[in-house]
>>> print(open('my_file_13.txt').read())   # compact mmCIF, C-alpha atoms
# COMPACT_ATOMS: atom_id res chain seq x y z
CA MET A 851 -82.49 44.82 254.08
CA ARG A 852 -84.45 41.61 253.54
CA LEU A 853 -88.19 41.38 252.74
CA ALA A 854 -89.03 40.75 256.43
CA GLU A 855 -87.31 43.96 257.52
CA LEU A 856 -88.89 45.96 254.69
CA SER A 857 -92.26 44.68 255.93
CA GLU A 858 -91.41 45.47 259.56
CA ARG A 859 -90.24 49.01 258.81
CA SER A 860 -93.14 49.89 256.48
CA GLY A 861 -95.92 48.12 258.41
CA VAL A 862 -96.95 46.50 255.08
CA SER A 863 -97.32 42.68 255.10
CA THR A 864 -94.84 40.58 253.07
CA ALA A 865 -97.75 39.18 251.02
CA THR A 866 -98.79 42.72 250.03
CA ILE A 867 -95.19 43.70 249.23
CA LYS A 868 -94.90 40.63 246.96
CA TYR A 869 -98.13 41.67 245.25
CA TYR A 870 -96.78 45.20 244.64
CA LEU A 871 -93.55 43.68 243.23
CA ARG A 872 -95.55 41.46 240.85
CA GLU A 873 -97.67 44.45 239.77
CA GLY A 874 -94.54 46.51 239.07
CA LEU A 875 -95.39 49.18 241.67
CA LEU A 876 -92.09 48.49 243.41
CA PRO A 877 -88.79 47.89 241.58
CA PRO A 878 -87.31 44.41 242.21
CA GLY A 879 -84.64 44.04 244.90
CA VAL A 880 -81.10 42.86 244.18
CA GLN A 881 -81.19 39.06 244.08
CA VAL A 882 -78.56 37.65 246.51
CA ASN A 883 -79.50 34.02 245.89
CA ALA A 884 -82.36 32.04 244.34
CA THR A 885 -84.85 32.82 247.14
CA THR A 886 -83.56 36.03 248.74
CA ALA A 887 -83.46 39.64 247.53
CA GLU A 888 -81.97 42.71 249.16
CA TYR A 889 -83.92 46.01 249.40
CA ASP A 890 -82.74 49.55 250.25
CA GLU A 891 -84.05 52.86 251.60
CA GLU A 892 -85.43 53.81 248.19
CA HIS A 893 -87.59 50.69 248.19
CA LEU A 894 -88.91 51.67 251.61
CA ARG A 895 -89.69 55.22 250.47
CA ARG A 896 -91.43 54.00 247.30
CA LEU A 897 -93.36 51.37 249.26
CA ARG A 898 -94.68 54.03 251.65
CA LEU A 899 -95.78 56.19 248.74
CA VAL A 900 -97.56 53.28 247.03
CA ARG A 901 -99.24 52.35 250.32
CA ALA A 902 -100.42 55.94 250.90
CA MET A 903 -101.89 56.15 247.39
CA ILE A 904 -103.71 52.82 247.69
CA GLN A 905 -104.75 52.93 251.35
CA VAL A 906 -105.27 56.61 252.13
CA GLY A 907 -106.04 57.84 248.61
CA ARG A 908 -107.91 54.72 247.38
CA VAL A 909 -106.14 55.13 244.04
CA PRO A 910 -106.57 52.06 241.76
CA VAL A 911 -103.45 49.96 241.10
CA ALA A 912 -103.42 50.80 237.37
CA THR A 913 -103.46 54.54 238.19
CA VAL A 914 -100.67 54.12 240.73
CA ARG A 915 -98.57 52.50 238.01
CA GLU A 916 -99.33 55.42 235.66
CA VAL A 917 -98.46 58.04 238.30
CA LEU A 918 -95.17 56.30 239.13
CA GLY A 919 -94.36 56.29 235.41
CA HIS A 920 -94.50 60.10 235.46
CA VAL A 921 -92.51 60.32 238.69
CA ASP A 922 -89.73 58.22 237.19
CA ASP A 923 -89.63 59.90 233.79
CA ASP A 924 -86.78 62.37 234.27
CA SER A 925 -86.92 63.45 230.62
CA LEU A 926 -89.90 65.65 231.56
CA PRO A 927 -89.45 69.22 232.94
CA ARG A 928 -89.93 69.62 236.68
CA ALA A 929 -93.24 71.57 236.64
CA ILE A 930 -94.67 69.03 234.22
CA ARG A 931 -93.47 66.03 236.30
CA LEU A 932 -95.00 67.62 239.40
CA GLY A 933 -98.21 68.35 237.53
CA ALA A 934 -98.35 65.18 235.46
CA ALA A 935 -98.20 63.02 238.57
CA VAL A 936 -101.22 64.80 240.02
CA TRP A 937 -102.93 64.79 236.63
CA ALA A 938 -102.81 61.00 236.61
CA LEU A 939 -104.96 60.87 239.76
CA PRO A 940 -108.73 60.25 239.36
CA GLN A 941 -110.31 62.97 237.26
CA VAL A 942 -113.67 64.17 236.05
CA PRO A 943 -114.80 63.26 232.52
CA GLU A 944 -114.52 65.66 229.57
CA PRO A 945 -117.28 68.31 229.59
CA ASP A 946 -119.69 68.65 226.66
CA GLU A 947 -118.41 71.72 224.81
CA ASP A 948 -121.73 72.29 223.03
CA ASP A 949 -123.58 72.70 226.31
CA GLU A 950 -124.59 76.33 227.04
CA PHE A 951 -123.77 75.98 230.75
CA VAL A 952 -120.31 74.61 229.97
CA GLN A 953 -119.71 77.57 227.64
CA ALA A 954 -120.85 80.02 230.34
CA ALA A 955 -118.62 78.24 232.90
CA HIS A 956 -115.64 78.60 230.51
CA GLN A 957 -116.17 82.36 230.40
CA GLU A 958 -116.68 82.55 234.15
CA VAL A 959 -113.55 80.55 235.00
CA THR A 960 -111.47 82.49 232.46
CA ALA A 961 -112.67 85.76 234.02
CA LEU A 962 -111.77 84.36 237.45
CA LEU A 963 -108.23 83.49 236.33
CA ASP A 964 -107.81 86.97 234.84
CA GLN A 965 -109.06 88.65 237.99
CA LEU A 966 -106.70 86.52 240.11
CA GLY A 967 -103.77 87.16 237.77
CA TRP A 968 -103.15 83.42 237.40
CA GLN A 969 -101.66 83.76 233.96
CA ASN A 970 -99.63 80.55 234.17
CA ALA A 971 -102.67 78.49 235.11
CA LYS A 972 -104.48 80.17 232.21
CA ARG A 973 -101.77 79.04 229.79
CA LEU A 974 -102.27 75.44 230.99
CA THR A 975 -106.07 75.35 230.75
CA SER A 976 -106.30 73.19 227.64
CA LEU A 977 -104.18 70.54 229.40
CA SER A 978 -105.24 70.86 232.99
CA PRO A 979 -107.67 68.45 234.64
CA ALA A 980 -108.00 70.92 237.54
CA TYR A 981 -109.37 73.53 235.13
CA ARG A 982 -111.71 70.91 233.70
CA SER A 983 -113.05 69.90 237.15
CA LEU A 984 -113.59 73.51 238.11
CA MET A 985 -115.51 74.13 234.91
CA VAL A 986 -117.58 70.99 235.24
CA GLY A 987 -118.44 71.92 238.84
CA VAL A 988 -119.37 75.51 237.98
CA ALA A 989 -121.41 74.37 234.94
CA ALA A 990 -123.31 71.77 237.01
CA LEU A 991 -124.17 74.42 239.60
CA ARG A 992 -125.27 76.94 236.98
CA ARG A 993 -127.48 74.28 235.41
CA LEU A 994 -129.10 73.83 238.83
CA GLY A 995 -129.73 77.58 239.11
CA TYR A 996 -126.93 78.32 241.61
CA ASP A 997 -124.74 81.20 240.62
CA PHE A 998 -121.19 80.57 241.80
CA GLY A 999 -119.63 83.43 239.91
CA THR A 1000 -116.30 85.21 240.02
CA GLU A 1001 -117.31 87.32 243.00
CA LEU A 1002 -118.11 84.30 245.17
CA LEU A 1003 -115.15 82.21 243.96
CA THR A 1004 -112.38 84.84 244.17
CA PRO A 1005 -111.91 84.82 247.97
CA TYR A 1006 -111.92 80.99 247.95
CA ALA A 1007 -109.34 80.95 245.16
CA GLU A 1008 -107.15 83.35 247.15
CA LEU A 1009 -107.25 81.07 250.20
CA MET A 1010 -106.49 78.05 248.00
CA TYR A 1011 -103.53 79.94 246.54
CA ARG A 1012 -102.15 80.44 250.05
CA THR A 1013 -102.73 76.74 250.66
CA ALA A 1014 -100.77 75.90 247.51
CA VAL A 1015 -97.89 78.16 248.62
CA LEU A 1016 -97.82 76.19 251.91
CA ASP A 1017 -97.79 72.93 249.91
CA LEU A 1018 -94.77 74.00 247.89
CA ASP A 1019 -92.94 75.48 250.91
CA ASN A 1020 -93.44 72.18 252.75
CA MET A 1021 -92.32 70.24 249.69
CA GLU A 1022 -89.12 72.27 249.41
CA ALA A 1023 -88.49 71.94 253.16
CA HIS A 1024 -89.08 68.18 252.94
CA SER A 1025 -86.32 67.59 250.41
CA SER A 1026 -84.15 69.38 247.90
CA GLN A 1027 -84.08 66.27 245.72
CA GLN A 1028 -86.47 66.43 242.80
CA GLU A 1029 -87.54 62.76 242.95
CA GLU A 1030 -88.54 63.06 246.62
CA GLN A 1031 -90.25 66.40 245.98
CA ILE A 1032 -92.44 64.83 243.32
CA GLU A 1033 -93.35 61.97 245.68
CA PHE A 1034 -94.24 64.53 248.34
CA ALA A 1035 -96.43 66.42 245.85
CA ILE A 1036 -98.38 63.24 245.07
CA LEU A 1037 -98.86 62.64 248.76
CA GLY A 1038 -100.11 66.21 249.09
CA ALA A 1039 -102.65 65.65 246.32
CA ILE A 1040 -103.89 62.49 248.03
CA LEU A 1041 -104.00 64.15 251.44
CA ASN A 1042 -106.00 66.99 250.01
CA GLU A 1043 -109.08 64.85 250.22
CA PRO A 1044 -109.11 63.29 253.70
CA VAL A 1045 -107.01 65.66 255.82
CA LEU A 1046 -107.70 69.08 254.30
CA GLN A 1047 -111.41 68.30 253.96
CA ALA A 1048 -111.53 67.09 257.56
CA LEU A 1049 -109.84 70.31 258.73
CA HIS A 1050 -112.33 72.33 256.71
CA ARG A 1051 -115.30 70.52 258.24
CA LEU A 1052 -113.88 70.81 261.76
CA ALA A 1053 -113.43 74.53 261.14
CA GLN A 1054 -117.06 74.74 259.99
CA GLU A 1055 -118.18 73.05 263.21
CA GLU A 1056 -116.09 75.45 265.27
CA GLU A 1057 -117.39 78.54 263.47
CA THR A 1058 -121.02 77.33 263.38
CA THR A 1059 -121.10 76.73 267.13
CA ARG A 1060 -119.27 80.04 267.75
CA ARG A 1061 -122.00 81.85 265.81
CA TYR A 1062 -125.07 79.90 266.89
CA GLY A 1063 -123.99 78.12 270.11
CA PHE A 1064 -124.91 74.55 271.00
CA GLU A 1065 -128.60 75.31 271.57
CA MET B 1174 -146.56 74.93 238.30
CA ARG B 1175 -147.10 71.59 236.54
CA LEU B 1176 -144.54 68.78 236.25
CA ALA B 1177 -143.50 69.94 232.76
CA GLU B 1178 -142.67 73.43 234.02
CA LEU B 1179 -140.82 72.04 237.06
CA SER B 1180 -138.75 69.97 234.63
CA GLU B 1181 -138.18 72.95 232.33
CA ARG B 1182 -137.07 75.27 235.15
CA SER B 1183 -134.82 72.74 236.88
CA GLY B 1184 -133.34 71.12 233.78
CA VAL B 1185 -134.22 67.72 235.31
CA SER B 1186 -136.25 65.32 233.11
CA THR B 1187 -139.84 64.47 234.10
CA ALA B 1188 -138.89 60.77 234.36
CA THR B 1189 -136.15 61.63 236.90
CA ILE B 1190 -138.50 63.91 238.87
CA LYS B 1191 -141.05 61.06 239.04
CA TYR B 1192 -138.29 58.76 240.31
CA TYR B 1193 -137.34 61.28 243.04
CA LEU B 1194 -141.02 61.57 244.03
CA ARG B 1195 -141.33 57.75 244.30
CA GLU B 1196 -138.12 57.60 246.37
CA GLY B 1197 -139.46 60.27 248.74
CA LEU B 1198 -136.64 62.74 247.93
CA LEU B 1199 -139.22 65.31 246.84
CA PRO B 1200 -142.51 65.93 248.68
CA PRO B 1201 -145.62 65.18 246.57
CA GLY B 1202 -147.31 68.07 244.77
CA VAL B 1203 -150.89 69.15 245.47
CA GLN B 1204 -153.14 66.85 243.44
CA VAL B 1205 -155.47 68.98 241.28
CA ASN B 1206 -157.09 66.00 239.55
CA ALA B 1207 -156.40 62.28 239.08
CA THR B 1208 -153.46 62.78 236.72
CA THR B 1209 -152.17 66.27 237.51
CA ALA B 1210 -150.32 67.72 240.50
CA GLU B 1211 -149.27 71.29 241.21
CA TYR B 1212 -145.73 72.14 242.40
CA ASP B 1213 -144.33 75.36 243.93
CA GLU B 1214 -141.02 77.21 244.39
CA GLU B 1215 -140.14 75.03 247.38
CA HIS B 1216 -140.35 71.93 245.18
CA LEU B 1217 -138.03 73.60 242.71
CA ARG B 1218 -135.52 74.51 245.42
CA ARG B 1219 -135.61 71.04 246.91
CA LEU B 1220 -135.28 69.44 243.47
CA ARG B 1221 -132.16 71.51 242.73
CA LEU B 1222 -130.62 70.46 246.04
CA VAL B 1223 -131.36 66.76 245.42
CA ARG B 1224 -129.96 67.06 241.91
CA ALA B 1225 -126.76 68.73 243.19
CA MET B 1226 -126.24 66.02 245.80
CA ILE B 1227 -126.76 63.17 243.33
CA GLN B 1228 -125.15 64.63 240.22
CA VAL B 1229 -122.35 66.88 241.52
CA GLY B 1230 -121.77 65.17 244.87
CA ARG B 1231 -122.45 61.57 243.73
CA VAL B 1232 -124.27 61.01 247.03
CA PRO B 1233 -126.28 57.72 247.07
CA VAL B 1234 -130.09 58.03 247.11
CA ALA B 1235 -130.39 56.46 250.61
CA THR B 1236 -127.93 59.05 251.99
CA VAL B 1237 -129.80 61.89 250.29
CA ARG B 1238 -132.97 60.71 252.05
CA GLU B 1239 -131.12 60.64 255.40
CA VAL B 1240 -129.65 64.13 254.90
CA LEU B 1241 -133.06 65.57 253.97
CA GLY B 1242 -134.48 63.98 257.14
CA HIS B 1243 -132.05 66.11 259.17
CA VAL B 1244 -132.77 69.23 257.11
CA ASP B 1245 -136.49 68.87 257.74
CA ASP B 1246 -136.27 68.00 261.46
CA ASP B 1247 -136.89 71.40 263.04
CA SER B 1248 -136.88 69.90 266.55
CA LEU B 1249 -133.05 69.89 266.35
CA PRO B 1250 -130.99 72.98 267.33
CA ARG B 1251 -129.59 75.00 264.43
CA ALA B 1252 -125.89 74.15 264.82
CA ILE B 1253 -126.81 70.46 265.05
CA ARG B 1254 -129.08 70.62 261.99
CA LEU B 1255 -126.32 72.33 260.03
CA GLY B 1256 -123.79 69.78 261.26
CA ALA B 1257 -126.03 66.73 261.15
CA ALA B 1258 -126.81 67.30 257.49
CA VAL B 1259 -123.09 67.30 256.66
CA TRP B 1260 -122.48 64.38 259.02
CA ALA B 1261 -124.86 62.26 256.97
CA LEU B 1262 -122.63 62.65 253.91
CA PRO B 1263 -120.18 59.82 253.07
CA GLN B 1264 -117.77 59.26 255.94
CA VAL B 1265 -114.71 57.24 256.86
CA PRO B 1266 -115.15 54.06 258.94
CA GLU B 1267 -114.54 53.99 262.73
CA PRO B 1268 -110.83 53.86 263.58
CA ASP B 1269 -109.37 50.99 265.62
CA GLU B 1270 -108.90 52.52 269.10
CA ASP B 1271 -106.38 49.84 270.14
CA ASP B 1272 -104.02 50.81 267.33
CA GLU B 1273 -100.92 52.69 268.53
CA PHE B 1274 -100.96 55.04 265.52
CA VAL B 1275 -104.62 55.90 266.13
CA GLN B 1276 -103.81 56.69 269.76
CA ALA B 1277 -100.88 58.89 268.71
CA ALA B 1278 -103.13 60.62 266.16
CA HIS B 1279 -105.71 61.30 268.89
CA GLN B 1280 -103.06 63.09 270.95
CA GLU B 1281 -101.77 64.97 267.94
CA VAL B 1282 -105.19 66.19 266.79
CA THR B 1283 -106.17 67.15 270.37
CA ALA B 1284 -102.95 69.17 270.66
CA LEU B 1285 -103.76 70.80 267.32
CA LEU B 1286 -107.26 71.82 268.47
CA ASP B 1287 -105.79 73.25 271.71
CA GLN B 1288 -103.18 75.21 269.82
CA LEU B 1289 -105.82 76.57 267.45
CA GLY B 1290 -108.19 77.41 270.30
CA TRP B 1291 -110.99 75.42 268.65
CA GLN B 1292 -112.65 74.60 271.95
CA ASN B 1293 -116.11 74.07 270.43
CA ALA B 1294 -114.80 71.58 267.89
CA LYS B 1295 -113.00 69.85 270.76
CA ARG B 1296 -116.29 69.48 272.65
CA LEU B 1297 -117.81 67.78 269.60
CA THR B 1298 -114.98 65.30 268.93
CA SER B 1299 -116.77 62.19 270.19
CA LEU B 1300 -119.63 62.92 267.76
CA SER B 1301 -117.87 64.46 264.81
CA PRO B 1302 -117.09 62.53 261.62
CA ALA B 1303 -114.74 65.37 260.61
CA TYR B 1304 -112.62 64.72 263.69
CA ARG B 1305 -112.70 61.02 262.90
CA SER B 1306 -111.53 61.54 259.29
CA LEU B 1307 -108.73 63.82 260.41
CA MET B 1308 -107.56 61.23 262.92
CA VAL B 1309 -107.79 58.37 260.46
CA GLY B 1310 -105.81 60.40 257.90
CA VAL B 1311 -103.11 61.44 260.38
CA ALA B 1312 -102.87 57.86 261.77
CA ALA B 1313 -102.54 56.37 258.27
CA LEU B 1314 -99.74 58.81 257.47
CA ARG B 1315 -97.92 58.15 260.75
CA ARG B 1316 -98.15 54.42 260.07
CA LEU B 1317 -96.47 55.08 256.72
CA GLY B 1318 -93.68 57.00 258.43
CA TYR B 1319 -94.85 60.48 257.41
CA ASP B 1320 -94.99 62.94 260.27
CA PHE B 1321 -97.86 65.34 259.73
CA GLY B 1322 -97.72 66.90 263.18
CA THR B 1323 -99.22 70.00 264.76
CA GLU B 1324 -96.55 72.27 263.31
CA LEU B 1325 -97.29 71.24 259.74
CA LEU B 1326 -101.07 71.15 260.17
CA THR B 1327 -101.59 74.45 262.04
CA PRO B 1328 -101.18 76.83 259.07
CA TYR B 1329 -103.47 74.60 256.96
CA ALA B 1330 -106.05 74.58 259.75
CA GLU B 1331 -105.90 78.39 259.91
CA LEU B 1332 -106.54 78.69 256.18
CA MET B 1333 -109.40 76.19 256.45
CA TYR B 1334 -110.85 78.25 259.29
CA ARG B 1335 -110.87 81.30 257.03
CA THR B 1336 -112.53 79.15 254.36
CA ALA B 1337 -115.22 78.11 256.87
CA VAL B 1338 -115.83 81.77 257.81
CA LEU B 1339 -116.38 82.50 254.10
CA ASP B 1340 -118.78 79.51 253.91
CA LEU B 1341 -120.91 80.84 256.76
CA ASP B 1342 -120.78 84.46 255.54
CA ASN B 1343 -122.00 83.29 252.13
CA MET B 1344 -124.66 81.15 253.75
CA GLU B 1345 -125.97 84.10 255.77
CA ALA B 1346 -125.86 86.36 252.71
CA HIS B 1347 -127.71 83.72 250.67
CA SER B 1348 -130.74 83.63 252.98
CA SER B 1349 -131.84 84.60 256.46
CA GLN B 1350 -134.23 81.63 256.53
CA GLN B 1351 -132.90 78.66 258.47
CA GLU B 1352 -134.23 76.00 256.09
CA GLU B 1353 -132.54 77.61 253.09
CA GLN B 1354 -129.34 78.15 255.08
CA ILE B 1355 -129.14 74.44 255.88
CA GLU B 1356 -129.67 73.55 252.23
CA PHE B 1357 -126.90 75.97 251.29
CA ALA B 1358 -124.59 74.36 253.88
CA ILE B 1359 -125.16 70.93 252.34
CA LEU B 1360 -124.40 72.32 248.94
CA GLY B 1361 -121.20 73.82 250.37
CA ALA B 1362 -120.18 70.44 251.75
CA ILE B 1363 -120.74 68.80 248.38
CA LEU B 1364 -118.94 71.56 246.52
CA ASN B 1365 -116.00 71.23 248.80
CA GLU B 1366 -114.85 68.24 246.82
CA PRO B 1367 -115.04 69.26 243.15
CA VAL B 1368 -114.79 73.06 243.19
CA LEU B 1369 -112.52 73.79 246.17
CA GLN B 1370 -110.20 70.92 245.23
CA ALA B 1371 -110.09 72.14 241.64
CA LEU B 1372 -109.22 75.67 242.82
CA HIS B 1373 -106.50 74.23 245.05
CA ARG B 1374 -104.97 72.24 242.18
CA LEU B 1375 -105.16 75.21 239.81
CA ALA B 1376 -103.39 77.28 242.47
CA GLN B 1377 -100.71 74.58 242.74
CA GLU B 1378 -100.18 74.70 238.97
CA GLU B 1379 -99.92 78.49 239.08
CA GLU B 1380 -97.43 78.49 241.96
CA THR B 1381 -95.38 75.56 240.61
CA THR B 1382 -94.90 77.23 237.25
CA ARG B 1383 -94.18 80.59 238.94
CA ARG B 1384 -91.39 78.91 240.93
CA TYR B 1385 -89.97 76.55 238.33
CA GLY B 1386 -91.20 77.95 235.01
CA PHE B 1387 -92.44 75.85 232.11
CA GLU B 1388 -89.03 74.38 231.28
>>> encode(input="my_file_13.txt", output="structure tokens")
Amino acid sequence: MRLAELSERSGVSTATIKYYLREGLLPPGVQVNATTAEYDEEHLRRLRLVRAMIQVGRVPVATVREVLGHVDDDSLPRAIRLGAAVWALPQVPEPDEDDEFVQAAHQEVTALLDQLGWQNAKRLTSLSPAYRSLMVGVAALRRLGYDFGTELLTPYAELMYRTAVLDLDNMEAHSSQQEEQIEFAILGAILNEPVLQALHRLAQEEETTRRYGFE
Amino acid sequence: MRLAELSERSGVSTATIKYYLREGLLPPGVQVNATTAEYDEEHLRRLRLVRAMIQVGRVPVATVREVLGHVDDDSLPRAIRLGAAVWALPQVPEPDEDDEFVQAAHQEVTALLDQLGWQNAKRLTSLSPAYRSLMVGVAALRRLGYDFGTELLTPYAELMYRTAVLDLDNMEAHSSQQEEQIEFAILGAILNEPVLQALHRLAQEEETTRRYGFE
């Protein structure tokens, strides 16, 4: 298809598509003459992914480029490609390891992983930005005098595990092709924020009014 | 207690506490002489909440002031105070009602609420920023050609409902006093982002490596 059709089918303006091409977020089309290039279904799929990251996920262009680098690197093992793509999304800064609250949070989160039996996640802790965010969050709360310990976090972690199982079931149902699965996983990570959070807040409204009414 | 002790017990510097006092995020202490004021446990609790919003939740100072206004307005009914405080947190912009994808998302989300039996949440839709975010997210995805319909969203919504039940159970266990419950609800909303998201990503890592191994 030509640029106009790619724009039509994706709902992304031709000016924006040209910008993505210049920025290397979209591979070039096949040049058919000096002014015209031909694009295919893979361009459309990649364009939609880029658009979702930038528009829905508000991911910066440089990060999008980094994430796509992981998606396209088929020398990496599958679990790492799936993880690495998500790992390239915006993350919390490194915690201060000398801080007493950070040290306490380390122990707490390690105890949580043991209690949950998440031995694989435990093996990945030194690499994982998810582990780091959890620790930073727990440490910040402890510093403020709020005790979000293993007992409070375990039932949440169990619900999040069931959510993750849904994510992977949906990913496998979406496509059996690894490239498309990885794209779907990125989309899931981006969706996490607006859609899952919105569902959570709607559920809170529902449950709050069920318990306390509208009065 | 004096300012120094308030600082000591909260882990917040005296300079920052003075800034919060100037900005009206913390009520003034009782002046015991020209240079000294006395603070109590309520100051400490409020200070921890403000600190959590700003430091963990990265909520802007003006929004913190707005949220605290709702917390302290005891003329409002309980469900509204609980909701209004969360509604004052950062939100998505108004969707364009003339847009065909927004209209389709409206229908989809309404069908979802019917299927779930969330009739209270449905009554609140015109007011609720959570409903608005969900719609904006679903519309953006539809525009990109991704179909996140009722069938895909229902099991997520059910897990989020169970998460919300946990939130309210914890809130009620935390305190039977309405003021403290509302503060706890705000904290829950702020935590949603870093801690719940981190747990979700850790769970994804665990499940991904269980399914595909480390190779």
>>> closest_residue(input="my_file_13.txt", among="A:Ile1032, A:Glu947, A:Leu876, A:Gln969", to="Ile930 of chain A", atoms="all atoms listed in the file")
A:Ile1032
>>> interface_residues(input="my_file_13.txt", of="chain B", to="chain A", cutoff="7 Å", atoms="only C-alpha atoms", output="count of residues only")
44
>>> closest_residue(input="my_file_13.txt", among="A:Pro943, A:Val880, A:Tyr869, A:Thr885", to="Val911 of chain A", atoms="all atoms listed in the file")
A:Tyr869
>>> atom_distance(input="my_file_13.txt", atom1="atom CA of Arg908 of chain A", atom2="atom CA of Gly1038 of chain A")
14.0 Å
>>> atom_distance(input="my_file_13.txt", atom1="atom CA of Ala989 of chain A", atom2="atom CA of Ala955 of chain A")
5.2 Å
>>> decode(input="my_file_13.txt", residues="segment 873-887 of chain A", atoms="N, CA and C atoms", output="mmCIF file, in the first residue's frame")
data_model
loop_
_atom_site.group_PDB
_atom_site.id
_atom_site.type_symbol
_atom_site.label_atom_id
_atom_site.label_comp_id
_atom_site.auth_asym_id
_atom_site.auth_seq_id
_atom_site.Cartn_x
_atom_site.Cartn_y
_atom_site.Cartn_z
ATOM 1 N N GLU A 873 12.586 9.187 12.284
ATOM 2 C CA GLU A 873 13.109 8.851 13.610
ATOM 3 C C GLU A 873 13.490 7.378 13.732
ATOM 4 N N GLY A 874 13.243 6.606 12.680
ATOM 5 C CA GLY A 874 13.614 5.187 12.702
ATOM 6 C C GLY A 874 12.679 4.325 13.528
ATOM 7 N N LEU A 875 11.470 4.804 13.816
ATOM 8 C CA LEU A 875 10.516 4.012 14.592
ATOM 9 C C LEU A 875 9.745 3.050 13.682
ATOM 10 N N LEU A 876 9.849 3.316 12.383
ATOM 11 C CA LEU A 876 9.148 2.525 11.377
ATOM 12 C C LEU A 876 10.177 2.213 10.300
ATOM 13 N N PRO A 877 10.297 0.926 9.886
ATOM 14 C CA PRO A 877 11.273 0.625 8.837
ATOM 15 C C PRO A 877 10.835 1.275 7.520
ATOM 16 N N PRO A 878 11.787 1.672 6.653
ATOM 17 C CA PRO A 878 11.401 2.309 5.390
ATOM 18 C C PRO A 878 10.603 1.357 4.507
ATOM 19 N N GLY A 879 9.730 1.909 3.656
ATOM 20 C CA GLY A 879 9.005 1.093 2.688
ATOM 21 C C GLY A 879 9.923 0.722 1.525
ATOM 22 N N VAL A 880 9.389 -0.067 0.614
ATOM 23 C CA VAL A 880 10.164 -0.428 -0.587
ATOM 24 C C VAL A 880 9.950 0.690 -1.615
ATOM 25 N N GLN A 881 11.055 1.325 -2.016
ATOM 26 C CA GLN A 881 10.976 2.459 -2.938
ATOM 27 C C GLN A 881 10.558 1.951 -4.329
ATOM 28 N N VAL A 882 9.428 2.456 -4.867
ATOM 29 C CA VAL A 882 9.022 2.020 -6.222
ATOM 30 C C VAL A 882 9.442 3.027 -7.280
ATOM 31 N N ASN A 883 9.571 4.292 -6.895
ATOM 32 C CA ASN A 883 10.255 5.285 -7.727
ATOM 33 C C ASN A 883 10.757 6.399 -6.822
ATOM 34 N N ALA A 884 11.269 7.463 -7.384
ATOM 35 C CA ALA A 884 11.958 8.489 -6.584
ATOM 36 C C ALA A 884 11.071 9.072 -5.476
ATOM 37 N N THR A 885 9.762 9.156 -5.690
ATOM 38 C CA THR A 885 8.902 9.827 -4.706
ATOM 39 C C THR A 885 7.907 8.893 -4.016
ATOM 40 N N THR A 886 7.852 7.628 -4.425
ATOM 41 C CA THR A 886 6.815 6.744 -3.894
ATOM 42 C C THR A 886 7.412 5.475 -3.285
ATOM 43 N N ALA A 887 6.904 5.114 -2.086
ATOM 44 C CA ALA A 887 7.333 3.858 -1.450
ATOM 45 C C ALA A 887 6.097 3.003 -1.179
#
